[in-house]
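In what follows, a structure is listed as structure tokens, so that the remarks can point back to it.
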Amino acid sequence: MVSLACEKAKEHGYPHELWSTRLLARHARENGPAIRYECLAHLVQGTVCKILDQEEIKPHKVRYYLERRDAEFEQKMADVLWVYREVQVLKKVVKSKKPGKPVAIVSYDEKPGIQAIATTAPDLPPAPGVHPTFTRDHEYKRHGTLSLLAGIDLLTGKVHALVRDRHRSREFIEFLKLLDAAYPSSTAIKLILDNHSAHISRETKAWLATRPAGRFEFTFTPTHGSWLNLIEGFFSKFARSVLRHIRVASKHELKDRIMAGIDDINRHPLIHAWSYKLAEAA
């Protein structure tokens, strides 16, 4: 039974991808006696559950993993960690008030597919003794999606952001122009970002070539290594606070509320820090 449970149901001619305990019991009853397992002729689902629980096997569930497909994963990870190490050093320089070369380090990424969803009926507020939560009609209306392009200055905590319909090369270049205008011309701007096609496109490279040497420097995370980018934590928090349960009348309203959320964060900026495996970059 354990051996059978470690195979897929589809490998035994079923349309199901995985076993259910009911299907597994039925298969054993129908096929067990033919291969000299007469004891399985009366197998019930509960017995199957006990056998699988004893062996800690759950053939009806899937747990995901991420395969490393980047041959240079370790080196690219080390490059990112070195940038975070530089952030630590620069923070100490700022505290000591010693003069140094001006540098801005920005963790950047896009959050696409933010849905502009409208209600079809007013939300009902909580009512003591009636219902404790906001109550919302199940029906809704879609107005499309937006993309948030954002970067966190790892030294100041300031979030630079744009909200656009898409996140192509032209939108990425627009964000770079935003950074270019935000920092003095003598400041080196270092970005931590992934290998999205817009970040390495011909249009992006052509625009970067118009800037002074050393103005922009990119450090790319490895393939399937977006977790190394600090901005991902910001997106997660932003989704759980500002975007959670959000309802708007239009895409324009959604854009305004996203940018209002960014402004609210920038009124009380939080300086992010990376510590995982940072000692290994020393």
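Please note that chains go A, B, ... in the order of the structure tokens, that every chain numbers its residues from 1, and that ligands are numbered from 1 in the order shown.
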
Output as a PyMOL selection string all residues of region 212-255 of chain A that backbone DSSP marks as strand (DSSP E). chain A and resi 216-220

Please, could you write that set of residues out with N, CA, C and O atoms as a compact mmCIF listing (two decimals), in the first residue's frame?
```txt
# COMPACT_ATOMS: atom_id res chain seq x y z
N PHE A 216 24.88 54.71 -12.87
CA PHE A 216 24.06 53.56 -12.52
C PHE A 216 24.89 52.28 -12.55
O PHE A 216 25.72 52.08 -13.44
N GLU A 217 24.64 51.43 -11.55
CA GLU A 217 25.29 50.12 -11.49
C GLU A 217 24.25 49.08 -11.07
O GLU A 217 23.57 49.25 -10.07
N PHE A 218 24.13 48.01 -11.87
CA PHE A 218 23.14 46.98 -11.61
C PHE A 218 23.79 45.75 -11.00
O PHE A 218 24.84 45.30 -11.48
N THR A 219 23.16 45.19 -9.97
CA THR A 219 23.54 43.89 -9.42
C THR A 219 22.32 42.99 -9.54
O THR A 219 21.28 43.28 -8.92
N PHE A 220 22.42 41.92 -10.33
CA PHE A 220 21.27 41.07 -10.62
C PHE A 220 21.20 39.89 -9.66
O PHE A 220 22.21 39.25 -9.35
```

Env of Ile192 (chain A): 8 Å cut, atoms = only C-alpha atoms, seq-sep filter 6 positions within chain, self excluded. Answer as a list in words.
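Residues near the query, excluding close chain neighbours: Val80, Ile105, Val106, Ser107, Tyr108, Phe218, Thr219, Phe220, Thr221 and Asn229 of chain A.
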
Which parts of region 137-176 of chain A does DSSP call helix (DSSP H, G or I) when run on the backbone here, written out as a count of residues only?
8

For region 199-212 of chain A: contacts at 9 Å, only C-alpha atoms, fewer than 2 positions along chain excluded, given as a PyMOL selection string: chain A and resi 168-170+172-173+176+185+193-197+214-216

### Query
Within 12 Å of Glu253 (chain A), counting only C-alpha atoms, which residues qualify if same-chain residues fewer than 3 places away don't, as a VMD selection string?
chain A and resid 115 to 118 143 to 146 163 246 to 250 256 to 260

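Neighbouring residues of region 63-76 of chain A at 6 Å or closer, counting only C-alpha atoms and skipping chain neighbours under 3 positions away, are Asp79, Pro222 and Thr223 of chain A.
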
For those residues, write C-alpha atoms to a file as a PDB file, in the first residue's frame.
```
ATOM      1  CA  ASP A  79      27.368  39.600  -5.410  1.00  0.00           C
ATOM      2  CA  PRO A 222      20.186  34.827  -9.659  1.00  0.00           C
ATOM      3  CA  THR A 223      17.404  33.067 -11.522  1.00  0.00           C
TER       4      THR A 223
END
```

From CA of Leu43 (chain A) to CA of Leu4 (chain A) the spacing works out at 14.1 Å

Quick one: everything within 8 Å of region 137-140 of chain A, counting only C-alpha atoms, minus sequence neighbours fewer than 3 positions away in the same chain. Send it as a ChimeraX atom specification. /A:117-123

Dump of N, CA, C and O atoms for the selected residues, as a PDB file, in the first residue's frame:
```
ATOM      1  N   ILE A 117     -10.711  46.369  -8.501  1.00  0.00           N
ATOM      2  CA  ILE A 117     -11.996  45.689  -8.341  1.00  0.00           C
ATOM      3  C   ILE A 117     -12.978  46.620  -7.640  1.00  0.00           C
ATOM      4  O   ILE A 117     -12.645  47.234  -6.623  1.00  0.00           O
ATOM      5  N   ALA A 118     -14.178  46.704  -8.198  1.00  0.00           N
ATOM      6  CA  ALA A 118     -15.213  47.554  -7.621  1.00  0.00           C
ATOM      7  C   ALA A 118     -16.323  46.709  -7.019  1.00  0.00           C
ATOM      8  O   ALA A 118     -16.600  45.596  -7.482  1.00  0.00           O
ATOM      9  N   THR A 119     -16.937  47.232  -5.993  1.00  0.00           N
ATOM     10  CA  THR A 119     -18.107  46.574  -5.416  1.00  0.00           C
ATOM     11  C   THR A 119     -19.340  46.903  -6.258  1.00  0.00           C
ATOM     12  O   THR A 119     -19.373  47.916  -6.966  1.00  0.00           O
ATOM     13  N   THR A 120     -20.342  46.064  -6.208  1.00  0.00           N
ATOM     14  CA  THR A 120     -21.603  46.313  -6.900  1.00  0.00           C
ATOM     15  C   THR A 120     -22.693  46.763  -5.936  1.00  0.00           C
ATOM     16  O   THR A 120     -23.799  47.098  -6.359  1.00  0.00           O
ATOM     17  N   ALA A 121     -22.380  46.753  -4.661  1.00  0.00           N
ATOM     18  CA  ALA A 121     -23.304  47.218  -3.624  1.00  0.00           C
ATOM     19  C   ALA A 121     -22.470  47.754  -2.473  1.00  0.00           C
ATOM     20  O   ALA A 121     -21.323  47.341  -2.286  1.00  0.00           O
ATOM     21  N   PRO A 122     -22.988  48.673  -1.695  1.00  0.00           N
ATOM     22  CA  PRO A 122     -22.205  49.263  -0.595  1.00  0.00           C
ATOM     23  C   PRO A 122     -21.808  48.218   0.452  1.00  0.00           C
ATOM     24  O   PRO A 122     -22.556  47.288   0.738  1.00  0.00           O
ATOM     25  N   ASP A 123     -20.604  48.397   1.006  1.00  0.00           N
ATOM     26  CA  ASP A 123     -20.196  47.580   2.145  1.00  0.00           C
ATOM     27  C   ASP A 123     -21.013  47.984   3.366  1.00  0.00           C
ATOM     28  O   ASP A 123     -21.298  49.166   3.576  1.00  0.00           O
TER      29      ASP A 123
END
```

Correct to one decimal, the distance CA of His224 (chain A)-CA of Met77 (chain A) is 10.9 Å

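Reported to one decimal place, the separation of CA of Lys91 (chain A) from CA of Val159 (chain A) is 17.5 Å.
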
task = For Val62 (chain A), work out the shell of residues within 12 Å, counting only C-alpha atoms and skipping chain neighbours fewer than 4 positions away, then give it as a list in words.
result = Lys8, Glu17, Leu18, Trp19, Ile57 and Lys58 of chain A

Print the selection's residues with C-alpha atoms to a file, as a PDB file, in the first residue's frame.
```
ATOM      1  CA  LYS A   8       0.671   8.786  -9.087  1.00  0.00           C
ATOM      2  CA  GLU A  17      -3.360  13.211 -10.989  1.00  0.00           C
ATOM      3  CA  LEU A  18      -3.025  12.099  -7.351  1.00  0.00           C
ATOM      4  CA  TRP A  19      -4.604   9.486  -5.144  1.00  0.00           C
ATOM      5  CA  ILE A  57       2.659   9.716   3.693  1.00  0.00           C
ATOM      6  CA  LYS A  58       0.087  12.125   2.234  1.00  0.00           C
TER       7      LYS A  58
END
```

For this session: Tell me which of A:Arg136, A:Lys111, A:Arg85, A:His27 sits closest to Leu278 (chain A), counting only C-alpha atoms.
Result: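 For Leu278 (chain A), the nearest of the given residues is A:Arg85.
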
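Counting only C-alpha atoms, the residue from A:Val87, A:Trp274, A:Thr135, A:His12 that sits nearest to Leu191 (chain A) is A:Val87.
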